[in-house]
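The structure appears right after this line, and notes come after that.
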Amino acid sequence: MDISIRFTHLLRGMALTLLLLPTLVLAQRTEYGVDYLVRFLPDKGQADVSIRLTPGTGEVRRLRLRMPEDRYSNVRGDGEVTRKGDMVTWVPPRGEPARLRFLHTVDHKRRGGGYDARMTADWALLRGDDLVPPATVVATKGADSRARLRFQLPKGWGNVDTPFKRSRDGKSFVIANPERSFDRPTGWIIAGDVGTRREQFENIEISVAGPKGDEVRRNDMLAFFNVLVPQFEELYGKLPIKVLIVSAGDPMWRGGLSGPRSLFLHADRPLISENGTSTLVHELSHVFTRLRGADGDDWITEAVAEYYSIELMRRASLLSDARADKAQDWMADHGREVSSLTSNRSQGPRTARGVRLLRELDAEIRKATKNKRSLDDLIRAVLPLREVSREDLREQAAKLIGRPSKVLQSEVLD
């Protein structure tokens, strides 16, 4: 009888511990506040940026930020601020709110010509990754940030948008990245006298914005998403809750550039090119997969994005089967002279050769599995890795087809 009573008490104790476990885990999490305030100064071509830290149950002890002097100036703040070359170290005072301020020069030209960040008297278009540079953060153990981003816009600048959702009061954007303990604004940002069109699909909000007066295809892009969103979801799984697409004409760079939950597309870029590919769909694949190639294997991410820029438009009936096949044939011809895919920067013919290899790999997987599996399954398998190598492709392909892939033994991968 005594043993039975003791056993019952033990079970009750275990049950109580299990019930309290989520509370205990939450109690171990500590937080601090981060408030970003951005003021655009069009007459100076700069943004006045403020980072305010508010200690809570946790706090930041030190930040090290990469801030090249030609783009970040007048860095000052509470506590100790030191600069050594391109690196700025900030040690805020302990136990009290503290602020770091600096000026960021917005305009930036790419090597090939054209701006990938630009501010005029009427608008600004830039990446949050540059507005607030990457930081190495030392904080109290287990501390996580609660971050907000606010803007003070010049007179006449009536709009601002980011890849993040607005707070309930609409006065700020909620910066949340579960993969990081220190949240900072990343992705494209647009502000000023700009026009925006938004569409709420079942699980994702798409915003398309560009300066008023530029020939931005806002409604055309949103029409694309009516048929493409289901295809992206089926292939890549859960999508971000919001994606921002920004666009502008010259003198912006004449191409497409992806960023976290966002992308830039030059206003003159066609939604579907003459060769049957799409810069818009290509860059969206980068946004949704967030893959990067391992050393020497940049071709993987670029070829995946280009392959599916054709294939997903086929599935959405934006391209006929015949037109999609012609696009794939064009790729095969464009990359026919490439002897090696190894590179840390895959472009043009090398990417086209990678597309051909992926097409051959898809055919091999389908044949070996009697059409029960395809390249889609391989891509979904490597998505969690984020950084993908040719060996990762070989491993996953072998699991699907039951033997090493012959396609992935190609001499272009030697």
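Starting from 1 in every chain, residues are counted up; chains themselves are A, B, ... following the order of the structure tokens, and ligands are numbered from 1 as listed.
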
Quick one: residues within 7 Å of region 302-307 of chain A, only C-alpha atoms, excluding same-chain residues fewer than 4 positions away - as a PyMOL selection string? chain A and resi 282+285-286+298+311+346+351-352+354-355

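DSSP, applied to the backbone of this structure, assigns helix (DSSP H, G or I) to the following residues of region 101-266 of chain A: Gly128, Asp129, Asp130, Leu131, Arg218, Asn219, Asp220, Met221, Leu222, Ala223, Phe224, Phe225, Asn226, Val227, Leu228, Val229, Pro230, Gln231, Phe232, Glu233, Glu234, Leu235 and Tyr236 of chain A.
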
Please write the residues from the selection above to a file, keeping C-alpha atoms, as a PDB file, in the first residue's frame.
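Result file is again-v5.pdb:
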ATOM      1  CA  GLY A 128      18.131  47.684 -44.561  1.00  0.00           C
ATOM      2  CA  ASP A 129      21.238  45.482 -44.502  1.00  0.00           C
ATOM      3  CA  ASP A 130      23.221  48.619 -45.397  1.00  0.00           C
ATOM      4  CA  LEU A 131      21.168  51.073 -43.356  1.00  0.00           C
ATOM      5  CA  ARG A 218       2.603  46.997 -60.084  1.00  0.00           C
ATOM      6  CA  ASN A 219      -0.651  45.382 -61.197  1.00  0.00           C
ATOM      7  CA  ASP A 220       1.090  43.154 -63.746  1.00  0.00           C
ATOM      8  CA  MET A 221       3.298  41.690 -61.029  1.00  0.00           C
ATOM      9  CA  LEU A 222       0.371  41.121 -58.700  1.00  0.00           C
ATOM     10  CA  ALA A 223      -1.467  39.366 -61.514  1.00  0.00           C
ATOM     11  CA  PHE A 224       1.546  37.027 -61.841  1.00  0.00           C
ATOM     12  CA  PHE A 225       1.187  36.072 -58.201  1.00  0.00           C
ATOM     13  CA  ASN A 226      -2.415  34.956 -58.590  1.00  0.00           C
ATOM     14  CA  VAL A 227      -1.120  31.859 -60.372  1.00  0.00           C
ATOM     15  CA  LEU A 228       2.437  31.679 -59.023  1.00  0.00           C
ATOM     16  CA  VAL A 229       1.856  31.733 -55.252  1.00  0.00           C
ATOM     17  CA  PRO A 230       0.283  28.226 -55.229  1.00  0.00           C
ATOM     18  CA  GLN A 231       3.215  26.918 -57.291  1.00  0.00           C
ATOM     19  CA  PHE A 232       5.785  28.452 -54.933  1.00  0.00           C
ATOM     20  CA  GLU A 233       3.973  27.031 -51.896  1.00  0.00           C
ATOM     21  CA  GLU A 234       3.758  23.542 -53.380  1.00  0.00           C
ATOM     22  CA  LEU A 235       7.467  23.520 -54.241  1.00  0.00           C
ATOM     23  CA  TYR A 236       9.078  25.409 -51.351  1.00  0.00           C
TER      24      TYR A 236
END

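When CA of Arg269 (chain A) is paired with CA of Glu215 (chain A), their separation reads 10.6 Å.
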
Tell me, which residues of region 218-380 of chain A carry DSSP strand (DSSP E), written as an mmCIF file with all heavy atoms, in the first residue's frame?
data_model
loop_
_atom_site.group_PDB
_atom_site.id
_atom_site.type_symbol
_atom_site.label_atom_id
_atom_site.label_comp_id
_atom_site.auth_asym_id
_atom_site.auth_seq_id
_atom_site.Cartn_x
_atom_site.Cartn_y
_atom_site.Cartn_z
ATOM 1 N N LYS A 242 5.075 38.133 -45.567
ATOM 2 C CA LYS A 242 5.072 39.327 -46.407
ATOM 3 C C LYS A 242 6.306 39.335 -47.287
ATOM 4 O O LYS A 242 7.393 38.951 -46.850
ATOM 5 C CB LYS A 242 5.041 40.600 -45.557
ATOM 6 C CG LYS A 242 5.053 41.888 -46.383
ATOM 7 C CD LYS A 242 5.069 43.140 -45.507
ATOM 8 C CE LYS A 242 5.129 44.409 -46.350
ATOM 9 N NZ LYS A 242 5.179 45.624 -45.509
ATOM 10 N N VAL A 243 6.118 39.780 -48.536
ATOM 11 C CA VAL A 243 7.239 40.005 -49.450
ATOM 12 C C VAL A 243 7.050 41.382 -50.080
ATOM 13 O O VAL A 243 5.954 41.732 -50.523
ATOM 14 C CB VAL A 243 7.311 38.923 -50.543
ATOM 15 C CG1 VAL A 243 8.257 39.352 -51.671
ATOM 16 C CG2 VAL A 243 7.795 37.602 -49.957
ATOM 17 N N LEU A 244 8.118 42.158 -50.113
ATOM 18 C CA LEU A 244 8.107 43.482 -50.725
ATOM 19 C C LEU A 244 8.925 43.456 -52.008
ATOM 20 O O LEU A 244 10.064 43.005 -52.016
ATOM 21 C CB LEU A 244 8.705 44.516 -49.764
ATOM 22 C CG LEU A 244 8.931 45.922 -50.342
ATOM 23 C CD1 LEU A 244 7.605 46.590 -50.705
ATOM 24 C CD2 LEU A 244 9.715 46.792 -49.355
ATOM 25 N N ILE A 245 8.321 43.937 -53.084
ATOM 26 C CA ILE A 245 9.021 44.095 -54.355
ATOM 27 C C ILE A 245 9.125 45.580 -54.644
ATOM 28 O O ILE A 245 8.109 46.288 -54.679
ATOM 29 C CB ILE A 245 8.272 43.390 -55.502
ATOM 30 C CG1 ILE A 245 8.125 41.902 -55.200
ATOM 31 C CG2 ILE A 245 9.005 43.588 -56.829
ATOM 32 C CD1 ILE A 245 7.229 41.173 -56.166
ATOM 33 N N VAL A 246 10.351 46.069 -54.823
ATOM 34 C CA VAL A 246 10.564 47.479 -55.138
ATOM 35 C C VAL A 246 11.098 47.586 -56.556
ATOM 36 O O VAL A 246 11.813 46.709 -57.042
ATOM 37 C CB VAL A 246 11.526 48.150 -54.135
ATOM 38 C CG1 VAL A 246 10.929 48.144 -52.735
ATOM 39 C CG2 VAL A 246 12.884 47.460 -54.118
ATOM 40 N N SER A 247 10.732 48.665 -57.232
ATOM 41 C CA SER A 247 11.120 48.825 -58.627
ATOM 42 C C SER A 247 11.301 50.299 -58.929
ATOM 43 O O SER A 247 10.631 51.161 -58.346
ATOM 44 C CB SER A 247 10.040 48.226 -59.533
ATOM 45 O OG SER A 247 10.425 48.282 -60.889
ATOM 46 N N ALA A 248 12.222 50.602 -59.840
ATOM 47 C CA ALA A 248 12.470 51.976 -60.284
ATOM 48 C C ALA A 248 13.215 51.918 -61.609
ATOM 49 O O ALA A 248 13.801 50.887 -61.957
ATOM 50 C CB ALA A 248 13.277 52.755 -59.247
ATOM 51 N N GLY A 256 17.863 42.504 -61.488
ATOM 52 C CA GLY A 256 17.108 42.118 -60.305
ATOM 53 C C GLY A 256 18.048 41.734 -59.183
ATOM 54 O O GLY A 256 19.094 41.129 -59.418
ATOM 55 N N LEU A 257 17.683 42.087 -57.959
ATOM 56 C CA LEU A 257 18.503 41.803 -56.787
ATOM 57 C C LEU A 257 17.594 41.350 -55.646
ATOM 58 O O LEU A 257 16.703 42.097 -55.222
ATOM 59 C CB LEU A 257 19.291 43.053 -56.355
ATOM 60 C CG LEU A 257 20.313 43.602 -57.350
ATOM 61 C CD1 LEU A 257 20.743 45.011 -56.938
ATOM 62 C CD2 LEU A 257 21.519 42.683 -57.432
ATOM 63 N N SER A 258 17.826 40.149 -55.151
ATOM 64 C CA SER A 258 16.998 39.633 -54.066
ATOM 65 C C SER A 258 17.577 40.010 -52.717
ATOM 66 O O SER A 258 18.764 40.298 -52.574
ATOM 67 C CB SER A 258 16.874 38.110 -54.166
ATOM 68 O OG SER A 258 18.151 37.501 -54.053
ATOM 69 N N GLY A 259 16.724 40.011 -51.719
ATOM 70 C CA GLY A 259 17.121 40.259 -50.338
ATOM 71 C C GLY A 259 16.175 39.486 -49.443
ATOM 72 O O GLY A 259 15.230 38.849 -49.916
ATOM 73 N N SER A 262 12.299 40.124 -49.800
ATOM 74 C CA SER A 262 12.135 41.284 -50.673
ATOM 75 C C SER A 262 13.047 41.158 -51.883
ATOM 76 O O SER A 262 13.979 40.350 -51.890
ATOM 77 C CB SER A 262 12.479 42.568 -49.911
ATOM 78 O OG SER A 262 13.819 42.528 -49.436
ATOM 79 N N LEU A 263 12.756 41.979 -52.902
ATOM 80 C CA LEU A 263 13.638 42.027 -54.066
ATOM 81 C C LEU A 263 13.471 43.344 -54.796
ATOM 82 O O LEU A 263 12.447 44.029 -54.665
ATOM 83 C CB LEU A 263 13.373 40.861 -55.014
ATOM 84 C CG LEU A 263 12.031 40.786 -55.749
ATOM 85 C CD1 LEU A 263 12.090 41.502 -57.094
ATOM 86 C CD2 LEU A 263 11.629 39.333 -55.965
ATOM 87 N N PHE A 264 14.501 43.699 -55.563
ATOM 88 C CA PHE A 264 14.467 44.859 -56.452
ATOM 89 C C PHE A 264 14.432 44.369 -57.888
ATOM 90 O O PHE A 264 15.143 43.430 -58.251
ATOM 91 C CB PHE A 264 15.704 45.738 -56.256
ATOM 92 C CG PHE A 264 15.920 46.713 -57.388
ATOM 93 C CD1 PHE A 264 15.199 47.898 -57.451
ATOM 94 C CD2 PHE A 264 16.818 46.431 -58.413
ATOM 95 C CE1 PHE A 264 15.373 48.779 -58.522
ATOM 96 C CE2 PHE A 264 17.000 47.299 -59.476
ATOM 97 C CZ PHE A 264 16.279 48.489 -59.530
ATOM 98 N N LEU A 265 13.607 45.017 -58.710
ATOM 99 C CA LEU A 265 13.534 44.702 -60.130
ATOM 100 C C LEU A 265 13.469 46.017 -60.902
ATOM 101 O O LEU A 265 12.590 46.845 -60.654
ATOM 102 C CB LEU A 265 12.300 43.867 -60.445
ATOM 103 C CG LEU A 265 12.155 43.379 -61.895
ATOM 104 C CD1 LEU A 265 13.224 42.330 -62.198
ATOM 105 C CD2 LEU A 265 10.764 42.801 -62.134
ATOM 106 N N HIS A 266 14.427 46.218 -61.812
ATOM 107 C CA HIS A 266 14.421 47.445 -62.606
ATOM 108 C C HIS A 266 13.117 47.551 -63.380
ATOM 109 O O HIS A 266 12.593 46.548 -63.898
ATOM 110 C CB HIS A 266 15.615 47.461 -63.567
ATOM 111 C CG HIS A 266 15.831 48.788 -64.221
ATOM 112 N ND1 HIS A 266 15.130 49.188 -65.344
ATOM 113 C CD2 HIS A 266 16.669 49.818 -63.906
ATOM 114 C CE1 HIS A 266 15.531 50.401 -65.700
ATOM 115 N NE2 HIS A 266 16.458 50.803 -64.848
ATOM 116 N N ARG A 292 22.260 29.123 -50.471
ATOM 117 C CA ARG A 292 23.520 29.655 -50.976
ATOM 118 C C ARG A 292 24.429 28.470 -51.283
ATOM 119 O O ARG A 292 24.356 27.423 -50.630
ATOM 120 C CB ARG A 292 24.182 30.605 -49.971
ATOM 121 C CG ARG A 292 24.543 29.962 -48.646
ATOM 122 C CD ARG A 292 25.146 30.988 -47.679
ATOM 123 N NE ARG A 292 25.529 30.370 -46.423
ATOM 124 C CZ ARG A 292 24.701 30.176 -45.390
ATOM 125 N NH1 ARG A 292 23.448 30.545 -45.496
ATOM 126 N NH2 ARG A 292 25.135 29.614 -44.284
ATOM 127 N N GLY A 293 25.248 28.646 -52.299
ATOM 128 C CA GLY A 293 26.137 27.572 -52.692
ATOM 129 C C GLY A 293 27.350 27.490 -51.785
ATOM 130 O O GLY A 293 27.870 28.505 -51.324
#

Which polymer residues have any atom within 7 Å of an atom of region 317-332 of chain A, counting only C-alpha atoms, with same-chain residues fewer than 6 positions away left out, as a ChimeraX atom specification? /A:275-277,310,352-353,355-356

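Closest approach to Pro97 (chain A) among A:Tyr32, A:Tyr308, A:Phe173, A:Trp253: A:Tyr32, based on only C-alpha atoms.
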
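CA of Asp116 (chain A) is found 19.6 Å from CA of Arg39 (chain A).
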
Taking 2 positions as the minimum chain separation for residues in the same chain, which residues sit within 8 Å of Gly158 (chain A) when counting only C-alpha atoms? Answer as a PyMOL selection string. chain A and resi 153+155-156+160+191-194

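Distances from A:Asp295, A:Met313, A:Gln347, A:Met252 to Leu271 (chain A) were compared using only C-alpha atoms, and the smallest one belongs to A:Met313.
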
Within 12 Å of Lys109 (chain A), counting only C-alpha atoms, which residues show up once you throw out same-chain ones fewer than 6 positions away? Write them as a VMD selection string, please. chain A and resid 115 to 119 126 251 to 254

Can I get the selected residues back with all heavy atoms, as a tab-separated table (two decimals), in the first residue's frame?
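Ended up saving to selection.tsv:
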chain	number	residue	atom	x	y	z
A	115	TYR	N	22.76	52.27	-59.94
A	115	TYR	CA	22.71	52.31	-58.47
A	115	TYR	C	21.96	51.11	-57.91
A	115	TYR	O	20.93	50.69	-58.45
A	115	TYR	CB	21.99	53.59	-58.01
A	115	TYR	CG	22.76	54.87	-58.24
A	115	TYR	CD1	22.67	55.56	-59.45
A	115	TYR	CD2	23.58	55.40	-57.25
A	115	TYR	CE1	23.38	56.74	-59.67
A	115	TYR	CE2	24.28	56.58	-57.45
A	115	TYR	CZ	24.18	57.24	-58.66
A	115	TYR	OH	24.87	58.40	-58.86
A	116	ASP	N	22.45	50.58	-56.79
A	116	ASP	CA	21.67	49.61	-56.04
A	116	ASP	C	21.19	50.21	-54.72
A	116	ASP	O	20.59	49.53	-53.89
A	116	ASP	CB	22.44	48.31	-55.80
A	116	ASP	CG	23.75	48.52	-55.07
A	116	ASP	OD1	24.00	49.63	-54.56
A	116	ASP	OD2	24.55	47.57	-55.01
A	117	ALA	N	21.44	51.50	-54.54
A	117	ALA	CA	20.87	52.29	-53.45
A	117	ALA	C	20.86	53.74	-53.93
A	117	ALA	O	21.85	54.21	-54.49
A	117	ALA	CB	21.68	52.15	-52.17
A	118	ARG	N	19.73	54.42	-53.70
A	118	ARG	CA	19.59	55.75	-54.29
A	118	ARG	C	18.62	56.60	-53.47
A	118	ARG	O	17.61	56.10	-52.99
A	118	ARG	CB	19.06	55.60	-55.72
A	118	ARG	CG	18.79	56.89	-56.46
A	118	ARG	CD	20.04	57.54	-56.94
A	118	ARG	NE	19.76	58.61	-57.89
A	118	ARG	CZ	20.56	59.65	-58.11
A	118	ARG	NH1	21.72	59.72	-57.46
A	118	ARG	NH2	20.26	60.58	-58.98
A	119	MET	N	18.97	57.88	-53.29
A	119	MET	CA	18.05	58.82	-52.66
A	119	MET	C	18.00	60.09	-53.49
A	119	MET	O	19.03	60.65	-53.86
A	119	MET	CB	18.45	59.14	-51.22
A	119	MET	CG	17.47	60.11	-50.54
A	119	MET	SD	17.48	60.03	-48.74
A	119	MET	CE	19.18	60.41	-48.38
A	126	LEU	N	16.71	51.58	-50.84
A	126	LEU	CA	17.95	51.02	-50.31
A	126	LEU	C	17.66	49.73	-49.55
A	126	LEU	O	16.50	49.35	-49.39
A	126	LEU	CB	18.64	52.01	-49.40
A	126	LEU	CG	17.94	52.34	-48.06
A	126	LEU	CD1	18.95	52.96	-47.09
A	126	LEU	CD2	16.76	53.28	-48.24
A	251	PRO	N	18.42	55.99	-62.86
A	251	PRO	CA	19.72	55.33	-63.05
A	251	PRO	C	19.93	54.11	-62.15
A	251	PRO	O	21.07	53.77	-61.86
A	251	PRO	CB	20.69	56.45	-62.68
A	251	PRO	CG	19.99	57.17	-61.56
A	251	PRO	CD	18.53	57.14	-61.93
A	252	MET	N	18.86	53.45	-61.72
A	252	MET	CA	19.03	52.24	-60.92
A	252	MET	C	19.61	51.13	-61.79
A	252	MET	O	19.51	51.15	-63.02
A	252	MET	CB	17.68	51.80	-60.33
A	252	MET	CG	17.07	52.80	-59.35
A	252	MET	SD	18.12	53.11	-57.90
A	252	MET	CE	18.05	51.52	-57.07
A	253	TRP	N	20.22	50.14	-61.11
A	253	TRP	CA	20.86	49.03	-61.81
A	253	TRP	C	19.82	48.27	-62.62
A	253	TRP	O	18.73	47.97	-62.14
A	253	TRP	CB	21.53	48.10	-60.80
A	253	TRP	CG	22.34	47.02	-61.44
A	253	TRP	CD1	23.49	47.16	-62.14
A	253	TRP	CD2	22.04	45.62	-61.45
A	253	TRP	NE1	23.94	45.94	-62.58
A	253	TRP	CE2	23.06	44.98	-62.18
A	253	TRP	CE3	21.01	44.85	-60.91
A	253	TRP	CZ2	23.08	43.60	-62.36
A	253	TRP	CZ3	21.02	43.49	-61.10
A	253	TRP	CH2	22.06	42.87	-61.83
A	254	ARG	N	20.17	47.92	-63.85
A	254	ARG	CA	19.20	47.34	-64.78
A	254	ARG	C	19.14	45.82	-64.65
A	254	ARG	O	19.55	45.07	-65.57
A	254	ARG	CB	19.53	47.76	-66.20
A	254	ARG	CG	19.50	49.27	-66.41
A	254	ARG	CD	19.83	49.66	-67.83
A	254	ARG	NE	18.79	49.23	-68.76
A	254	ARG	CZ	17.68	49.93	-69.04
A	254	ARG	NH1	17.46	51.10	-68.43
A	254	ARG	NH2	16.80	49.47	-69.91

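Between CA of Arg184 (chain A) and CA of Leu63 (chain A) lies a distance of 12.5 Å.
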
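Restricting the calculation to only C-alpha atoms, the smallest distance between Leu100 (chain A) and any of A:Tyr36, A:Trp188, A:Trp157, A:Trp299 is found for A:Tyr36.
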
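The list of residues with at least one atom within 10 Å of Ser339 (chain A), based on only C-alpha atoms and without residues fewer than 2 positions apart in the same chain, reads Gly335, Arg336, Glu337, Leu341, Thr342, Arg350, Arg353, Glu411, Val412, Leu413 and Asp414 of chain A.
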
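You can rank A:Ile51, A:Ile401, A:Ala124, A:Leu291 by their closest distance to Ser374 (chain A) using only C-alpha atoms, and at the top of that list sits A:Ile401.
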
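Considering the residues A:Ile365, A:Leu400, A:Val49, A:Leu357 and counting only C-alpha atoms, Ala381 (chain A) has its shortest atom-to-atom contact with A:Leu400.
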
Find the residues around Lys165 (chain A) up to 12 Å (only C-alpha atoms counted), leave out those fewer than 4 positions away in its own chain, and share them as a tab-separated table (two decimals) with C-alpha atoms, in the first residue's frame.
chain	number	residue	atom	x	y	z
A	148	ARG	CA	10.92	48.02	-33.80
A	149	LEU	CA	11.75	50.21	-36.80
A	160	VAL	CA	7.31	53.97	-46.51
A	161	ASP	CA	7.38	50.20	-46.82
A	169	ASP	CA	-0.82	51.10	-34.07
A	170	GLY	CA	0.75	51.42	-37.53
A	171	LYS	CA	3.55	53.66	-36.26
A	172	SER	CA	6.41	51.21	-36.62
A	173	PHE	CA	7.50	47.95	-38.23
A	174	VAL	CA	8.02	44.83	-36.11
A	175	ILE	CA	11.47	43.37	-36.79
A	176	ALA	CA	11.44	39.66	-36.05
A	185	PRO	CA	16.16	45.54	-40.39
A	204	ILE	CA	1.25	35.87	-47.84
A	205	GLU	CA	1.02	39.61	-48.43
A	206	ILE	CA	2.69	40.91	-51.60
A	207	SER	CA	3.54	44.62	-51.85
A	240	PRO	CA	7.08	34.42	-45.59
A	241	ILE	CA	4.02	36.31	-44.32
A	242	LYS	CA	5.07	39.33	-46.41
A	243	VAL	CA	7.24	40.00	-49.45
A	244	LEU	CA	8.11	43.48	-50.73
A	261	ARG	CA	11.70	38.70	-47.91
